[in-house]
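A.B. asks: The structure that follows is given in the form of structure tokens.
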Amino acid sequence: MGFEPTALRLWKSLARDERELAARAFWEQPPEEVAASAAHEIVKLLKMRPNSFHKISPESRVRALAGLAQPPEAVAEALLVAFHLEARRPLLVAFLDALGIPHEEGLIGEEVEIEPVTAERARAALALLRSAHGTDAIRVYWNALWLQDRERWDGLAAVADEI
């Protein structure tokens, strides 16, 4: 089946409840660099004035953002990151532990050097993850990693059809 080639296509593949979890996590700590773009998309969707955005309830923001059919690529990327850091953190931790990559609760420090992951290492990690995490969750997470840095995570793409 392979990986989705863009964050937008990966975003569209998520179930509605997953998209809502992602949107909720996004609005809890909106990334400065894309928050304005997300707000702009919601304003367009709801056909309202931009200065009225601050009046929208947090739950309405979550539903609107989760319902976006075509968020900008940068917003889709931020939503996927928020989703994994919040709803799927145990998977992040288990995966990085399986690869022996140092991390802090699933976050890799800037100073940590990571060698590109080979297909063999990806297969070994997959064998450890399968029992505790669903294959859909693994596929989405690996696809998101690959989209962030294709060179480093190319081994994941090589194993994608085995998930």
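Ordered as shown in the structure tokens, chains take letters A, B, and onward, while each chain numbers its residues from 1 and ligands are numbered from 1 in the order shown.
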Skipping near chain neighbours, those fewer than 2 positions away, what residues fall within 12 Å of Gly100 in chain A using only C-alpha atoms, listed as a VMD selection string?

C.D. replies: chain A and resid 93 to 98 102 to 103 106 108 112 to 115 117 121 to 122 124 to 125

A.B. asks: Counting only C-alpha atoms, which of A:Pro5, A:Asn143, A:Ala137, A:Val34 gets nearest to Ala87 in chain A?

C.D. replies: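 Of all the options, A:Ala137 lies closest to Ala87 in chain A.
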
A.B. asks: For Ala160 in chain A, please output as a PyMOL selection string all residues within 9 Å (counting only C-alpha atoms; exclusion window: fewer than 5 positions along the same chain).

C.D. replies: chain A and resi 1-3+139+142-143+155

A.B. asks: Suppose we keep all heavy atoms; can you now write the selection as an mmCIF file, in the first residue's frame?

C.D. replies:
data_model
loop_
_atom_site.group_PDB
_atom_site.id
_atom_site.type_symbol
_atom_site.label_atom_id
_atom_site.label_comp_id
_atom_site.auth_asym_id
_atom_site.auth_seq_id
_atom_site.Cartn_x
_atom_site.Cartn_y
_atom_site.Cartn_z
ATOM 1 N N MET A 1 0.818 -1.189 0.000
ATOM 2 C CA MET A 1 0.000 0.000 0.000
ATOM 3 C C MET A 1 0.863 1.254 0.000
ATOM 4 O O MET A 1 0.468 2.265 -0.534
ATOM 5 C CB MET A 1 -0.931 -0.024 1.209
ATOM 6 C CG MET A 1 -1.861 1.146 1.260
ATOM 7 S SD MET A 1 -3.163 0.789 2.439
ATOM 8 C CE MET A 1 -3.450 2.399 3.079
ATOM 9 N N GLY A 2 2.036 1.219 0.577
ATOM 10 C CA GLY A 2 2.933 2.362 0.553
ATOM 11 C C GLY A 2 2.450 3.519 1.400
ATOM 12 O O GLY A 2 1.420 3.453 2.050
ATOM 13 N N PHE A 3 3.227 4.595 1.375
ATOM 14 C CA PHE A 3 2.917 5.786 2.149
ATOM 15 C C PHE A 3 2.213 6.827 1.301
ATOM 16 O O PHE A 3 2.404 6.887 0.085
ATOM 17 C CB PHE A 3 4.202 6.400 2.707
ATOM 18 C CG PHE A 3 4.800 5.673 3.884
ATOM 19 C CD1 PHE A 3 6.147 5.812 4.152
ATOM 20 C CD2 PHE A 3 4.043 4.883 4.725
ATOM 21 C CE1 PHE A 3 6.725 5.176 5.239
ATOM 22 C CE2 PHE A 3 4.609 4.236 5.816
ATOM 23 C CZ PHE A 3 5.951 4.384 6.068
ATOM 24 N N ARG A 139 1.268 2.617 10.729
ATOM 25 C CA ARG A 139 1.396 3.122 9.360
ATOM 26 C C ARG A 139 1.322 4.651 9.330
ATOM 27 O O ARG A 139 2.128 5.305 8.694
ATOM 28 C CB ARG A 139 0.322 2.534 8.452
ATOM 29 C CG ARG A 139 0.398 3.084 7.022
ATOM 30 C CD ARG A 139 -0.725 2.559 6.141
ATOM 31 N NE ARG A 139 -0.822 1.117 6.118
ATOM 32 C CZ ARG A 139 -0.012 0.312 5.427
ATOM 33 N NH1 ARG A 139 0.945 0.815 4.696
ATOM 34 N NH2 ARG A 139 -0.162 -0.991 5.469
ATOM 35 N N TRP A 142 4.520 6.166 10.992
ATOM 36 C CA TRP A 142 5.708 6.010 10.145
ATOM 37 C C TRP A 142 5.611 6.898 8.907
ATOM 38 O O TRP A 142 6.596 7.477 8.476
ATOM 39 C CB TRP A 142 5.872 4.544 9.745
ATOM 40 C CG TRP A 142 6.442 3.693 10.840
ATOM 41 C CD1 TRP A 142 6.514 3.983 12.172
ATOM 42 C CD2 TRP A 142 7.015 2.395 10.693
ATOM 43 N NE1 TRP A 142 7.090 2.944 12.853
ATOM 44 C CE2 TRP A 142 7.406 1.956 11.971
ATOM 45 C CE3 TRP A 142 7.217 1.559 9.610
ATOM 46 C CZ2 TRP A 142 8.010 0.727 12.191
ATOM 47 C CZ3 TRP A 142 7.808 0.327 9.817
ATOM 48 C CH2 TRP A 142 8.206 -0.085 11.098
ATOM 49 N N ASN A 143 4.417 7.017 8.363
ATOM 50 C CA ASN A 143 4.223 7.882 7.197
ATOM 51 C C ASN A 143 4.525 9.344 7.570
ATOM 52 O O ASN A 143 5.189 10.065 6.816
ATOM 53 C CB ASN A 143 2.791 7.733 6.693
ATOM 54 C CG ASN A 143 2.549 8.245 5.289
ATOM 55 O OD1 ASN A 143 1.581 7.835 4.652
ATOM 56 N ND2 ASN A 143 3.350 9.147 4.762
ATOM 57 N N GLY A 155 13.952 3.812 5.441
ATOM 58 C CA GLY A 155 13.773 2.392 5.759
ATOM 59 C C GLY A 155 12.344 2.055 6.148
ATOM 60 O O GLY A 155 11.886 0.932 5.933
#

A.B. asks: How many Å separate CA of Ser131 in chain A from CA of Leu91 in chain A?

C.D. replies: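 Interatomic distance, CA of Ser131 in chain A to CA of Leu91 in chain A: 11.3 Å.
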
A.B. asks: Could you pull the residues within 10 Å of Trp11 in chain A, counting only C-alpha atoms, minus those fewer than 4 positions along the same chain, as a list in words?

C.D. replies: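 Using only C-alpha atoms, the neighbours found are Glu4, Thr6, Ala7, Ala15, Glu18, Arg19, Ala22, Ala66, Leu68, Ala69, Gln70, Pro71, Glu73, Val75, Ala76, Glu77, Leu79, Leu80, Val140 and Ala144 of chain A.
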
A.B. asks: Go ahead and write the selection's residues with N, CA and C atoms as an mmCIF file, in the first residue's frame.

C.D. replies:
data_model
loop_
_atom_site.group_PDB
_atom_site.id
_atom_site.type_symbol
_atom_site.label_atom_id
_atom_site.label_comp_id
_atom_site.auth_asym_id
_atom_site.auth_seq_id
_atom_site.Cartn_x
_atom_site.Cartn_y
_atom_site.Cartn_z
ATOM 1 N N GLU A 4 1.445 7.662 1.960
ATOM 2 C CA GLU A 4 0.847 8.824 1.302
ATOM 3 C C GLU A 4 1.974 9.810 1.008
ATOM 4 N N THR A 6 1.934 13.130 0.687
ATOM 5 C CA THR A 6 1.849 14.459 1.290
ATOM 6 C C THR A 6 1.152 14.382 2.640
ATOM 7 N N ALA A 7 1.397 15.387 3.476
ATOM 8 C CA ALA A 7 0.718 15.454 4.772
ATOM 9 C C ALA A 7 -0.788 15.623 4.581
ATOM 10 N N ALA A 15 -9.457 8.880 10.355
ATOM 11 C CA ALA A 15 -10.873 8.824 10.714
ATOM 12 C C ALA A 15 -11.268 10.136 11.388
ATOM 13 N N GLU A 18 -10.021 10.641 14.924
ATOM 14 C CA GLU A 18 -8.582 10.918 14.970
ATOM 15 C C GLU A 18 -8.304 12.372 14.592
ATOM 16 N N ARG A 19 -9.031 12.863 13.605
ATOM 17 C CA ARG A 19 -8.861 14.258 13.192
ATOM 18 C C ARG A 19 -9.272 15.209 14.321
ATOM 19 N N ALA A 22 -6.517 15.259 16.843
ATOM 20 C CA ALA A 22 -5.415 16.073 16.317
ATOM 21 C C ALA A 22 -5.725 17.560 16.449
ATOM 22 N N ALA A 66 -10.938 20.083 12.431
ATOM 23 C CA ALA A 66 -11.012 18.649 12.101
ATOM 24 C C ALA A 66 -11.802 18.420 10.817
ATOM 25 N N LEU A 68 -11.838 20.380 8.148
ATOM 26 C CA LEU A 68 -11.254 20.951 6.934
ATOM 27 C C LEU A 68 -10.902 19.848 5.939
ATOM 28 N N ALA A 69 -11.420 19.980 4.740
ATOM 29 C CA ALA A 69 -11.139 18.989 3.699
ATOM 30 C C ALA A 69 -9.786 19.231 3.046
ATOM 31 N N GLN A 70 -9.370 20.490 2.971
ATOM 32 C CA GLN A 70 -8.137 20.843 2.263
ATOM 33 C C GLN A 70 -7.297 21.833 3.074
ATOM 34 N N PRO A 71 -6.849 21.469 4.274
ATOM 35 C CA PRO A 71 -5.998 22.427 4.994
ATOM 36 C C PRO A 71 -4.685 22.611 4.234
ATOM 37 N N GLU A 73 -0.817 22.513 3.437
ATOM 38 C CA GLU A 73 0.136 21.440 3.772
ATOM 39 C C GLU A 73 0.788 21.673 5.139
ATOM 40 N N VAL A 75 -0.364 23.261 7.717
ATOM 41 C CA VAL A 75 -1.352 23.018 8.775
ATOM 42 C C VAL A 75 -1.553 21.515 8.943
ATOM 43 N N ALA A 76 -1.653 20.783 7.839
ATOM 44 C CA ALA A 76 -1.804 19.321 7.919
ATOM 45 C C ALA A 76 -0.609 18.700 8.638
ATOM 46 N N GLU A 77 0.595 19.170 8.330
ATOM 47 C CA GLU A 77 1.802 18.673 9.012
ATOM 48 C C GLU A 77 1.724 18.933 10.508
ATOM 49 N N LEU A 79 -0.923 19.421 12.344
ATOM 50 C CA LEU A 79 -1.977 18.589 12.928
ATOM 51 C C LEU A 79 -1.484 17.161 13.167
ATOM 52 N N LEU A 80 -0.743 16.623 12.224
ATOM 53 C CA LEU A 80 -0.209 15.268 12.390
ATOM 54 C C LEU A 80 0.788 15.202 13.542
ATOM 55 N N VAL A 140 0.352 5.230 10.011
ATOM 56 C CA VAL A 140 0.185 6.684 10.008
ATOM 57 C C VAL A 140 1.402 7.361 10.644
ATOM 58 N N ALA A 144 4.050 9.757 8.735
ATOM 59 C CA ALA A 144 4.306 11.131 9.194
ATOM 60 C C ALA A 144 5.802 11.374 9.387
#

A.B. asks: Using only C-alpha atoms, which residue out of A:Leu65, A:Leu45, A:Leu128, A:Leu145 lies closest to Phe26 in chain A?

C.D. replies: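 The closest residue to Phe26 in chain A is A:Leu65.
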